[in-house]
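Source file work01.pdb; content: PDB, C-alpha atoms.
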MODEL        1
ATOM      1  CA  GLY R 547      19.715 -19.387  23.065
ATOM      2  CA  ILE R 548      21.917 -17.844  20.361
ATOM      3  CA  LEU R 549      20.534 -17.218  16.875
ATOM      4  CA  THR R 550      23.123 -16.581  14.148
ATOM      5  CA  LEU R 551      21.999 -15.114  10.823
ATOM      6  CA  ASN R 552      24.017 -16.524   7.923
ATOM      7  CA  ASP R 553      21.662 -15.053   5.340
ATOM      8  CA  ASP R 554      18.785 -12.596   5.006
ATOM      9  CA  ILE R 555      15.218 -13.189   6.174
ATOM     10  CA  ASN R 556      12.733 -12.034   3.555
ATOM     11  CA  ALA R 557       8.981 -11.561   3.970
ATOM     12  CA  ASP R 558       8.592  -8.950   1.214
ATOM     13  CA  GLY R 559       5.091  -8.936  -0.292
ATOM     14  CA  GLU R 560       3.863 -11.741   2.004
ATOM     15  CA  GLY R 561       1.116  -9.623   3.580
ATOM     16  CA  PHE R 562      -2.333  -8.623   2.420
ATOM     17  CA  ARG R 563      -2.881  -8.772  -1.330
ATOM     18  CA  GLY R 564      -3.385  -5.845  -3.641
ATOM     19  CA  GLY R 565      -6.692  -5.338  -5.440
ATOM     20  CA  SER R 566      -6.946  -7.165  -8.750
ATOM     21  CA  THR R 567      -7.937  -5.395 -11.958
ATOM     22  CA  SER R 568     -11.323  -5.700 -13.624
ATOM     23  CA  THR R 569     -12.553  -4.136 -16.849
ATOM     24  CA  SER R 570     -15.332  -1.601 -16.392
ATOM     25  CA  THR R 571     -18.309  -1.563 -18.752
ATOM     26  CA  TYR R 572     -19.809   1.483 -17.029
ATOM     27  CA  ALA R 573     -20.529   4.284 -19.516
ATOM     28  CA  CYS R 574     -18.552   7.261 -18.255
ATOM     29  CA  SER R 575     -20.363  10.591 -18.414
ATOM     30  CA  TRP R 576     -18.761  14.018 -17.905
ATOM     31  CA  PHE R 577     -21.708  15.349 -15.852
ATOM     32  CA  ASN R 578     -21.974  12.365 -13.462
ATOM     33  CA  THR R 579     -19.254  12.385 -10.785
ATOM     34  CA  ILE R 580     -18.707   8.926  -9.279
ATOM     35  CA  SER R 581     -17.931   9.823  -5.671
ATOM     36  CA  GLY R 582     -19.112   6.893  -3.509
ATOM     37  CA  PHE R 583     -16.795   5.038  -1.146
ATOM     38  CA  TYR R 584     -17.984   1.593  -2.248
ATOM     39  CA  TYR R 585     -19.564  -0.101  -5.261
ATOM     40  CA  ASP R 586     -20.298  -3.613  -6.378
ATOM     41  CA  ILE R 587     -17.261  -4.592  -8.434
ATOM     42  CA  SER R 588     -19.555  -5.721 -11.266
ATOM     43  CA  SER R 589     -20.902  -2.175 -11.672
ATOM     44  CA  GLY R 590     -17.600  -0.919 -13.071
ATOM     45  CA  GLU R 591     -17.952   2.309 -11.082
ATOM     46  CA  GLY R 592     -15.069   1.479  -8.760
ATOM     47  CA  ALA R 593     -11.946  -0.693  -8.986
ATOM     48  CA  LYS R 594     -11.237  -3.379  -6.396
ATOM     49  CA  LYS R 595     -10.020  -2.428  -2.940
ATOM     50  CA  GLY R 596      -6.758  -3.824  -1.575
ATOM     51  CA  GLU R 597      -7.018  -6.393   1.223
ATOM     52  CA  GLY R 598      -6.806  -5.260   4.840
ATOM     53  CA  ILE R 599      -7.663  -6.421   8.346
ATOM     54  CA  ALA R 600     -11.390  -5.937   7.677
ATOM     55  CA  SER R 601     -13.185  -8.571   5.622
ATOM     56  CA  TYR R 602     -14.578  -7.719   2.210
ATOM     57  CA  ILE R 603     -18.308  -6.959   2.281
ATOM     58  CA  THR R 604     -20.427  -8.484  -0.475
ATOM     59  CA  GLY R 605     -21.478  -5.831  -2.965
ATOM     60  CA  LYS R 606     -18.924  -3.323  -1.601
ATOM     61  CA  THR R 607     -15.579  -4.669  -2.815
ATOM     62  CA  GLY R 608     -15.014  -1.834  -5.305
ATOM     63  CA  GLY R 609     -14.633   1.911  -4.846
ATOM     64  CA  ARG R 610     -12.350   4.472  -3.323
ATOM     65  CA  GLY R 611     -12.944   3.802   0.377
ATOM     66  CA  ALA R 612     -10.064   2.157   2.249
ATOM     67  CA  GLN R 613     -10.536  -1.488   3.281
ATOM     68  CA  ALA R 614      -9.243  -0.709   6.806
ATOM     69  CA  ASN R 615      -5.469  -0.737   6.169
ATOM     70  CA  GLY R 616      -6.012  -1.821   2.552
ATOM     71  CA  GLY R 617      -5.942   0.946  -0.063
ATOM     72  CA  GLY R 618      -9.135   1.961  -1.852
ATOM     73  CA  GLY R 619      -9.750   1.118  -5.507
ATOM     74  CA  ALA R 620     -10.074   4.081  -7.853
ATOM     75  CA  ASN R 621     -13.499   5.263  -8.959
ATOM     76  CA  ASP R 622     -14.557   5.747 -12.546
ATOM     77  CA  HIS R 623     -12.857   7.045 -14.698
ATOM     78  CA  ASN R 624      -9.201   5.826 -14.796
ATOM     79  CA  GLY R 625      -8.104   7.068 -11.384
ATOM     80  CA  GLY R 626      -5.208   5.548  -9.428
ATOM     81  CA  GLY R 627      -5.499   3.133  -6.497
ATOM     82  CA  GLY R 628      -4.659   4.078  -2.904
ATOM     83  CA  GLY R 629      -1.591   2.663  -1.177
ATOM     84  CA  GLY R 630      -1.837   0.122   1.626
ATOM     85  CA  ALA R 631      -1.085   1.027   5.248
ATOM     86  CA  ASN R 632       0.454  -0.399   8.385
ATOM     87  CA  ALA R 633       2.065   1.875  11.003
ATOM     88  CA  GLY R 634       2.167   4.573   8.329
ATOM     89  CA  SER R 635      -0.920   5.491   6.327
ATOM     90  CA  GLY R 636      -1.137   4.761   2.607
ATOM     91  CA  GLY R 637      -0.855   7.459  -0.040
ATOM     92  CA  GLU R 638      -3.826   8.717  -2.047
ATOM     93  CA  GLY R 639      -4.234   7.598  -5.644
ATOM     94  CA  GLY R 640      -3.918  10.095  -8.484
ATOM     95  CA  GLN R 641      -6.755  11.749 -10.386
ATOM     96  CA  ARG R 642      -7.488  11.530 -14.091
ATOM     97  CA  ILE R 643      -7.244  15.070 -15.464
ATOM     98  CA  LYS R 644      -9.924  15.911 -18.037
ATOM     99  CA  PRO R 645      -8.620  16.790 -21.506
ATOM    100  CA  SER R 646     -11.548  19.213 -21.898
ATOM    101  CA  THR R 647     -14.712  20.300 -20.078
ATOM    102  CA  PHE R 648     -17.167  17.879 -21.655
ATOM    103  CA  THR R 649     -15.083  14.734 -21.206
ATOM    104  CA  CYS R 650     -14.554  12.236 -18.408
ATOM    105  CA  GLY R 651     -12.185  12.664 -15.503
ATOM    106  CA  CYS R 652     -11.737  11.171 -12.047
ATOM    107  CA  LEU R 653     -11.876  13.396  -8.989
ATOM    108  CA  ASN R 654     -12.224  10.384  -6.659
ATOM    109  CA  PRO R 655      -9.230   8.044  -6.849
ATOM    110  CA  GLY R 656      -8.455   5.420  -4.212
ATOM    111  CA  VAL R 657      -8.106   6.577  -0.604
ATOM    112  CA  GLY R 658      -4.938   5.493   1.190
ATOM    113  CA  GLY R 659      -5.215   2.717   3.764
ATOM    114  CA  LYS R 660      -5.802   3.575   7.441
ATOM    115  CA  THR R 661      -3.048   3.101  10.027
ATOM    116  CA  ASN R 662      -2.881   0.156  12.419
ATOM    117  CA  SER R 663      -2.380   0.908  16.118
ATOM    118  CA  TYR R 664       0.384  -0.885  18.031
ATOM    119  CA  SER R 665       0.803  -1.164  21.802
ATOM    120  CA  ASN R 666       1.944  -3.697  24.369
ATOM    121  CA  SER R 667      -1.449  -3.550  26.059
ATOM    122  CA  ALA R 668      -3.312  -4.442  22.872
ATOM    123  CA  ASN R 669      -0.760  -7.206  22.085
ATOM    124  CA  ARG R 670      -1.670  -7.351  18.372
ATOM    125  CA  VAL R 671       0.374  -7.337  15.170
ATOM    126  CA  TYR R 672      -0.721  -6.873  11.586
ATOM    127  CA  LEU R 673       0.259  -7.652   8.017
ATOM    128  CA  GLY R 674       0.984  -4.762   5.667
ATOM    129  CA  GLY R 675      -2.104  -3.643   3.715
ATOM    130  CA  GLY R 676      -2.477  -4.231  -0.016
ATOM    131  CA  GLY R 677      -2.794  -1.400  -2.513
ATOM    132  CA  GLY R 678      -6.048  -0.690  -4.335
ATOM    133  CA  ALA R 679      -6.384  -1.316  -8.054
ATOM    134  CA  GLY R 680      -6.404   1.359 -10.732
ATOM    135  CA  HIS R 681      -9.644   1.885 -12.646
ATOM    136  CA  GLU R 682      -9.718   0.213 -16.064
ATOM    137  CA  ASN R 683     -12.161   0.531 -18.955
ATOM    138  CA  ASN R 684      -9.918  -0.859 -21.688
ATOM    139  CA  VAL R 685      -9.051  -4.548 -21.374
ATOM    140  CA  ASN R 686      -5.642  -5.313 -19.811
ATOM    141  CA  THR R 687      -4.576  -1.678 -19.564
ATOM    142  CA  ALA R 688      -4.683  -0.927 -15.814
ATOM    143  CA  ILE R 689      -2.292  -2.267 -13.171
ATOM    144  CA  PRO R 690      -3.436  -4.049  -9.982
ATOM    145  CA  GLY R 691      -2.472  -2.997  -6.484
ATOM    146  CA  ALA R 692       0.636  -4.516  -4.904
ATOM    147  CA  ASN R 693       0.945  -6.782  -1.857
ATOM    148  CA  GLY R 694       1.936  -5.609   1.612
ATOM    149  CA  GLY R 695       4.793  -7.017   3.681
ATOM    150  CA  GLY R 696       4.479 -10.034   5.980
ATOM    151  CA  ILE R 697       5.256 -10.676   9.656
ATOM    152  CA  VAL R 698       8.591 -11.828  11.141
ATOM    153  CA  LEU R 699       8.789 -12.868  14.828
ATOM    154  CA  ILE R 700      12.078 -13.844  16.482
ATOM    155  CA  SER R 701      12.733 -14.718  20.127
ATOM    156  CA  ALA R 702      16.296 -15.391  21.297
ATOM    157  CA  ALA R 703      18.677 -14.486  24.104
ATOM    158  CA  THR R 704      21.306 -13.286  21.600
ATOM    159  CA  LEU R 705      21.042 -12.454  17.911
ATOM    160  CA  ILE R 706      24.248 -12.376  15.850
ATOM    161  CA  GLY R 707      23.317 -10.272  12.813
ATOM    162  CA  ASN R 708      26.464 -10.661  10.658
ATOM    163  CA  GLY R 709      25.353  -7.617   8.675
ATOM    164  CA  ASN R 710      22.349  -9.434   7.252
ATOM    165  CA  THR R 711      18.876  -7.993   6.630
ATOM    166  CA  ILE R 712      15.427  -8.830   7.963
ATOM    167  CA  SER R 713      13.135  -7.493   5.266
ATOM    168  CA  SER R 714       9.366  -7.133   5.142
ATOM    169  CA  VAL R 715       8.936  -4.529   2.448
ATOM    170  CA  GLY R 716       5.654  -3.703   0.733
ATOM    171  CA  ASN R 717       5.766  -4.518  -2.963
ATOM    172  CA  SER R 718       6.052  -1.715  -5.506
ATOM    173  CA  VAL R 719       3.721  -1.671  -8.505
ATOM    174  CA  GLN R 720       5.591  -2.985 -11.527
ATOM    175  CA  GLY R 721       5.255  -1.739 -15.090
ATOM    176  CA  SER R 722       3.527   1.314 -16.495
ATOM    177  CA  SER R 723      -0.235   1.585 -16.908
ATOM    178  CA  ALA R 724      -2.300   2.895 -19.815
ATOM    179  CA  ASP R 725      -5.415   3.319 -17.640
ATOM    180  CA  GLY R 726      -5.320   3.940 -13.871
ATOM    181  CA  ALA R 727      -2.352   2.536 -11.938
ATOM    182  CA  GLY R 728      -2.493   0.459  -8.755
ATOM    183  CA  GLY R 729      -1.451   1.531  -5.278
ATOM    184  CA  ALA R 730       1.599   0.075  -3.529
ATOM    185  CA  GLY R 731       1.731  -2.365  -0.633
ATOM    186  CA  ALA R 732       2.579  -1.270   2.904
ATOM    187  CA  GLY R 733       5.649  -2.378   4.812
ATOM    188  CA  GLY R 734       5.158  -5.323   7.134
ATOM    189  CA  THR R 735       5.982  -6.060  10.770
ATOM    190  CA  VAL R 736       9.177  -7.297  12.458
ATOM    191  CA  LEU R 737       9.136  -8.304  16.145
ATOM    192  CA  LEU R 738      12.456  -8.947  17.901
ATOM    193  CA  GLU R 739      12.277 -10.290  21.452
ATOM    194  CA  ILE R 740      16.064 -10.239  21.800
ATOM    195  CA  THR R 741      18.093  -9.572  24.963
ATOM    196  CA  THR R 742      21.505  -8.950  23.351
ATOM    197  CA  TYR R 743      22.628  -8.066  19.824
ATOM    198  CA  SER R 744      26.035  -8.937  18.420
ATOM    199  CA  GLY R 745      27.265  -7.407  15.166
ATOM    200  CA  SER R 746      25.200  -5.293  12.820
ATOM    201  CA  LEU R 747      21.656  -6.015  11.655
ATOM    202  CA  ASN R 748      19.557  -4.295   8.995
ATOM    203  CA  VAL R 749      15.756  -4.161   9.213
ATOM    204  CA  ASP R 750      13.660  -2.895   6.300
ATOM    205  CA  VAL R 751       9.888  -2.425   6.619
ATOM    206  CA  SER R 752       9.522   0.274   3.968
ATOM    207  CA  GLY R 753       6.413   0.809   1.875
ATOM    208  CA  GLY R 754       6.409   0.168  -1.871
ATOM    209  CA  ASP R 755       6.104   2.704  -4.682
ATOM    210  CA  GLY R 756       2.816   3.361  -6.496
ATOM    211  CA  GLY R 757       2.312   2.594 -10.180
ATOM    212  CA  ASP R 758       3.249   4.914 -13.038
ATOM    213  CA  VAL R 759       1.000   5.772 -15.986
ATOM    214  CA  ALA R 760       2.156   5.866 -19.604
ATOM    215  CA  ASN R 761      -0.993   7.660 -20.870
ATOM    216  CA  VAL R 762      -1.161   5.971 -24.244
ATOM    217  CA  GLY R 763      -3.328   8.102 -26.563
ATOM    218  CA  TYR R 764      -3.723  11.802 -27.178
ATOM    219  CA  SER R 765      -6.324  12.513 -24.472
ATOM    220  CA  ASN R 766      -5.215  10.507 -21.460
ATOM    221  CA  CYS R 767      -3.894  11.955 -18.209
ATOM    222  CA  ASN R 768      -4.748   9.037 -15.940
ATOM    223  CA  GLY R 769      -4.102   8.571 -12.234
ATOM    224  CA  PRO R 770      -0.852   7.134 -10.837
ATOM    225  CA  GLY R 771      -0.962   4.892  -7.759
ATOM    226  CA  GLY R 772      -0.405   6.013  -4.172
ATOM    227  CA  GLY R 773       2.669   5.001  -2.186
ATOM    228  CA  GLY R 774       2.539   2.322   0.498
ATOM    229  CA  GLY R 775       2.837   3.236   4.186
ATOM    230  CA  GLY R 776       5.834   2.169   6.248
ATOM    231  CA  GLY R 777       5.702  -0.806   8.587
ATOM    232  CA  ILE R 778       6.716  -1.442  12.192
ATOM    233  CA  LEU R 779       9.759  -2.673  14.101
ATOM    234  CA  TRP R 780       8.975  -3.799  17.643
ATOM    235  CA  VAL R 781      11.916  -4.423  20.001
ATOM    236  CA  SER R 782      12.304  -5.470  23.647
ATOM    237  CA  GLN R 783      14.544  -2.566  24.598
ATOM    238  CA  SER R 784      13.417   0.891  25.707
ATOM    239  CA  SER R 785      14.931   2.418  22.540
ATOM    240  CA  LEU R 786      16.191   1.226  19.167
ATOM    241  CA  PRO R 787      19.435  -0.755  19.725
ATOM    242  CA  SER R 788      22.508   0.846  18.153
ATOM    243  CA  ASN R 789      23.315  -2.396  16.281
ATOM    244  CA  ILE R 790      20.171  -2.079  14.170
ATOM    245  CA  SER R 791      19.981   0.002  10.999
ATOM    246  CA  LEU R 792      16.290   0.598  10.259
ATOM    247  CA  SER R 793      14.420   1.723   7.155
ATOM    248  CA  GLU R 794      10.687   2.319   7.679
ATOM    249  CA  VAL R 795      10.016   5.003   5.054
ATOM    250  CA  GLY R 796       6.772   5.326   3.149
ATOM    251  CA  GLY R 797       6.810   4.572  -0.567
ATOM    252  CA  GLU R 798       6.608   7.179  -3.294
ATOM    253  CA  ALA R 799       3.576   7.934  -5.435
ATOM    254  CA  GLY R 800       3.660   6.984  -9.106
ATOM    255  CA  THR R 801       4.171   9.522 -11.882
ATOM    256  CA  THR R 802       3.049  10.236 -15.431
ATOM    257  CA  THR R 803       5.882   8.902 -17.589
ATOM    258  CA  SER R 804       4.528  10.193 -20.906
ATOM    259  CA  THR R 805       1.740  12.455 -22.158
ATOM    260  CA  SER R 806       0.592  14.385 -25.171
ATOM    261  CA  GLN R 807      -2.336  16.025 -23.399
ATOM    262  CA  SER R 808      -1.688  19.761 -23.073
ATOM    263  CA  ASN R 809      -2.960  20.100 -19.490
ATOM    264  CA  CYS R 810      -1.135  16.995 -18.242
ATOM    265  CA  THR R 811       2.234  17.460 -16.526
ATOM    266  CA  LEU R 812       4.999  15.054 -17.514
ATOM    267  CA  ASN R 813       6.453  13.372 -14.403
ATOM    268  CA  GLY R 814       3.597  14.811 -12.348
ATOM    269  CA  ASN R 815       1.617  12.859  -9.751
ATOM    270  CA  ASN R 816      -1.924  14.082 -10.570
ATOM    271  CA  TYR R 817      -2.373  14.626  -6.801
ATOM    272  CA  ALA R 818      -1.247  11.105  -5.886
ATOM    273  CA  THR R 819       0.695  11.142  -2.593
ATOM    274  CA  ASN R 820       3.476   9.222  -0.898
ATOM    275  CA  GLY R 821       2.846   6.785   1.921
ATOM    276  CA  ASP R 822       3.678   7.947   5.456
ATOM    277  CA  ASP R 823       6.708   6.610   7.324
ATOM    278  CA  GLY R 824       6.423   3.670   9.697
ATOM    279  CA  ASP R 825       7.475   3.518  13.333
ATOM    280  CA  VAL R 826       9.355   1.747  16.130
ATOM    281  CA  VAL R 827       7.630   0.324  19.202
ATOM    282  CA  THR R 828       9.668  -0.568  22.302
ATOM    283  CA  GLY R 829       9.225  -2.784  25.352
ATOM    284  CA  LEU R 830       8.145  -5.866  23.394
ATOM    285  CA  GLU R 831       7.149  -8.924  25.373
ATOM    286  CA  PHE R 832       5.596 -11.965  23.740
ATOM    287  CA  ILE R 833       2.543 -12.709  25.854
ATOM    288  CA  GLU R 834       1.525 -16.360  25.707
ATOM    289  CA  THR R 835      -2.079 -17.139  26.558
ATOM    290  CA  SER R 836      -3.412 -20.362  28.039
ATOM    291  CA  CYS R 837      -5.035 -21.110  24.689
TER     292      CYS R 837
ENDMDL
END

I'd like the structure from this file rewritten - as structure tokens, please.
Amino acid sequence: GILTLNDDINADGEGFRGGSTSTSTYACSWFNTISGFYYDISSGEGAKKGEGIASYITGKTGGRGAQANGGGGANDHNGGGGGGANAGSGGEGGQRIKPSTFTCGCLNPGVGGKTNSYSNSANRVYLGGGGGAGHENNVNTAIPGANGGGIVLISAATLIGNGNTISSVGNSVQGSSADGAGGAGAGGTVLLEITTYSGSLNVDVSGGDGGDVANVGYSNCNGPGGGGGGGILWVSQSSLPSNISLSEVGGEAGTTTSTSQSNCTLNGNNYATNGDDGDVVTGLEFIETSC
């Protein structure tokens, strides 16, 4: 029948969870580059991966490799976490820049989450991926990854938008980190099996922004978090209806908000990257099985 929106629908941050922080006791060494894609979280060599559509594997929950569409956790030492993904891929985490040759850095921050594939033939939808955690070696100094957006499904003959918003945004990383910062969550998924639209409707499935680093101390140039990838809007029509105003942009990478290290650039990203934009899929049809 007719569905009238008298308020917004909000599924922000209701998707896969970001990687939680854990304090590393691993003894960083300038000549030993920690480059693996996975580590046991207890080793301290890699921060926790953000959640994605693949299950965690025992003994491999830490490290820079993406957990499918979940962002990778930064490797030792103090790198940034990768952003989560959905239709758009997650951004890479930022590196820790060495203050001098014989000190610790991080050339292997979290990898951005991998994109999900959408098609009517596959008939599958996904939650936005969570961002990976930043690497921490000082207690309570890093910032975890942020959650991805959830899933909204609506089926109606007519939708009266009344200028309201259906939102499934990936969470941005809040606060500023002293050690590595977490990656952002990816935008979620909105499915609209609607025949006719009346009035204006806003849909937002944008990715969140990666975490910033404050770099407390004279020799810290730690890694910001990667931006979250954009989500997906799936509609019944053959193109995006003119009534709908869509935002599916990828989130921005975090920055260095302060530094006293001479080779560290204020407001720089330390090679952290933005998340990629999301997408629109057309020709939606909810296929009900006999299950």

* To do: For Ser601 in chain R, work out the shell of residues within 12 Å, counting only C-alpha atoms and skipping chain neighbours fewer than 6 positions away, then give it as an MDAnalysis selection string.
  => chainID R and resid 562 595 607 612:616

* Nearby residues (all atoms listed in the file) at most 6 Å from range 565-575 of chain R, same-chain spacing under 3 positions excluded, as a list of chain:residue names ->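 My reading of the contact set: R:Asn578, R:Gly590, R:Lys594, R:Lys595, R:Gly596, R:Gly678, R:Ala679, R:Glu682, R:Asn683, R:Val685, R:Pro690, R:Gly691.
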
* **Nearest candidate to Asn820 in chain R (options R:Gly763, R:Gly756, R:Gly605, R:Gly611; using all atoms listed in the file)** =>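 With all atoms listed in the file as the atom set, the closest residue is R:Gly756.
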
* Asked: With only C-alpha atoms as the atoms that count, which of R:Gly796, R:Gly776, R:Gly745, R:Gly598 lies nearest to Thr711 in chain R?
  ->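 Closest to Thr711 in chain R, using only C-alpha atoms: R:Gly745.
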
Name every residue that the PyMOL selection byres ((chain R and resi 624) around 7) selects in this structure, writing the answer as a tab-separated table (two decimals) with C-alpha atoms, in the coordinates of the input with chains first and numbers rising.
chain	number	residue	atom	x	y	z
R	622	ASP	CA	-14.56	5.75	-12.55
R	623	HIS	CA	-12.86	7.04	-14.70
R	625	GLY	CA	-8.10	7.07	-11.38
R	626	GLY	CA	-5.21	5.55	-9.43
R	642	ARG	CA	-7.49	11.53	-14.09
R	652	CYS	CA	-11.74	11.17	-12.05
R	680	GLY	CA	-6.40	1.36	-10.73
R	681	HIS	CA	-9.64	1.88	-12.65
R	682	GLU	CA	-9.72	0.21	-16.06
R	725	ASP	CA	-5.42	3.32	-17.64
R	726	GLY	CA	-5.32	3.94	-13.87
R	768	ASN	CA	-4.75	9.04	-15.94
R	769	GLY	CA	-4.10	8.57	-12.23

Identify, on the basis of all atoms listed in the file, every residue whose closest approach to Val736 in chain R does not exceed 8 Å; exclude the query and any residue fewer than 6 positions from it along the same chain; express the result as a PDB file with C-alpha atoms, keeping the file's coordinate frame.
ATOM      1  CA  ILE R 697       5.256 -10.676   9.656  1.00  0.00           C
ATOM      2  CA  VAL R 698       8.591 -11.828  11.141  1.00  0.00           C
ATOM      3  CA  LEU R 699       8.789 -12.868  14.828  1.00  0.00           C
ATOM      4  CA  ILE R 712      15.427  -8.830   7.963  1.00  0.00           C
ATOM      5  CA  SER R 714       9.366  -7.133   5.142  1.00  0.00           C
ATOM      6  CA  VAL R 749      15.756  -4.161   9.213  1.00  0.00           C
ATOM      7  CA  VAL R 751       9.888  -2.425   6.619  1.00  0.00           C
ATOM      8  CA  ILE R 778       6.716  -1.442  12.192  1.00  0.00           C
ATOM      9  CA  LEU R 779       9.759  -2.673  14.101  1.00  0.00           C
ATOM     10  CA  TRP R 780       8.975  -3.799  17.643  1.00  0.00           C
TER      11      TRP R 780
END

* Structure fact -> Restricting to only C-alpha atoms, whichever of R:Ser836, R:Ser782, R:Gln720, R:Thr741 is closest to Ile548 in chain R is R:Thr741

Is there a way to complete range 696-710 of chain R with N, CA, C and O atoms and then write that out as a CSV table (one decimal), in the coordinates of the input?
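Now in rebuild-v1.csv:
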chain,number,residue,atom,x,y,z
R,696,GLY,N,4.9,-9.0,5.0
R,696,GLY,CA,4.5,-10.0,6.0
R,696,GLY,C,4.9,-9.7,7.4
R,696,GLY,O,5.3,-8.6,7.8
R,697,ILE,N,4.9,-10.8,8.2
R,697,ILE,CA,5.3,-10.7,9.7
R,697,ILE,C,6.4,-11.6,10.0
R,697,ILE,O,6.4,-12.8,9.6
R,698,VAL,N,7.4,-11.1,10.7
R,698,VAL,CA,8.6,-11.8,11.1
R,698,VAL,C,8.7,-11.7,12.7
R,698,VAL,O,8.7,-10.6,13.2
R,699,LEU,N,8.7,-12.8,13.4
R,699,LEU,CA,8.8,-12.9,14.8
R,699,LEU,C,10.0,-13.7,15.2
R,699,LEU,O,10.1,-14.9,14.8
R,700,ILE,N,10.9,-13.1,16.0
R,700,ILE,CA,12.1,-13.8,16.5
R,700,ILE,C,12.2,-13.7,18.0
R,700,ILE,O,12.1,-12.5,18.5
R,701,SER,N,12.5,-14.8,18.7
R,701,SER,CA,12.7,-14.7,20.1
R,701,SER,C,14.0,-15.5,20.4
R,701,SER,O,14.2,-16.6,20.0
R,702,ALA,N,15.0,-14.8,21.0
R,702,ALA,CA,16.3,-15.4,21.3
R,702,ALA,C,17.0,-14.6,22.4
R,702,ALA,O,16.7,-13.4,22.5
R,703,ALA,N,17.9,-15.2,23.1
R,703,ALA,CA,18.7,-14.5,24.1
R,703,ALA,C,19.7,-13.6,23.4
R,703,ALA,O,19.8,-12.4,23.8
R,704,THR,N,20.3,-14.1,22.4
R,704,THR,CA,21.3,-13.3,21.6
R,704,THR,C,21.1,-13.5,20.1
R,704,THR,O,20.8,-14.6,19.7
R,705,LEU,N,21.1,-12.4,19.4
R,705,LEU,CA,21.0,-12.5,17.9
R,705,LEU,C,22.3,-11.9,17.3
R,705,LEU,O,22.7,-10.8,17.6
R,706,ILE,N,23.0,-12.8,16.6
R,706,ILE,CA,24.2,-12.4,15.8
R,706,ILE,C,23.9,-12.0,14.4
R,706,ILE,O,23.5,-12.9,13.6
R,707,GLY,N,23.9,-10.7,14.1
R,707,GLY,CA,23.3,-10.3,12.8
R,707,GLY,C,24.2,-10.5,11.6
R,707,GLY,O,23.7,-10.8,10.5
R,708,ASN,N,25.5,-10.5,11.8
R,708,ASN,CA,26.5,-10.7,10.7
R,708,ASN,C,26.2,-9.7,9.5
R,708,ASN,O,26.5,-10.1,8.3
R,709,GLY,N,25.6,-8.6,9.7
R,709,GLY,CA,25.4,-7.6,8.7
R,709,GLY,C,24.2,-8.0,7.7
R,709,GLY,O,24.0,-7.4,6.7
R,710,ASN,N,23.4,-9.0,8.1
R,710,ASN,CA,22.3,-9.4,7.3
R,710,ASN,C,21.1,-8.6,7.5
R,710,ASN,O,21.1,-7.7,8.4
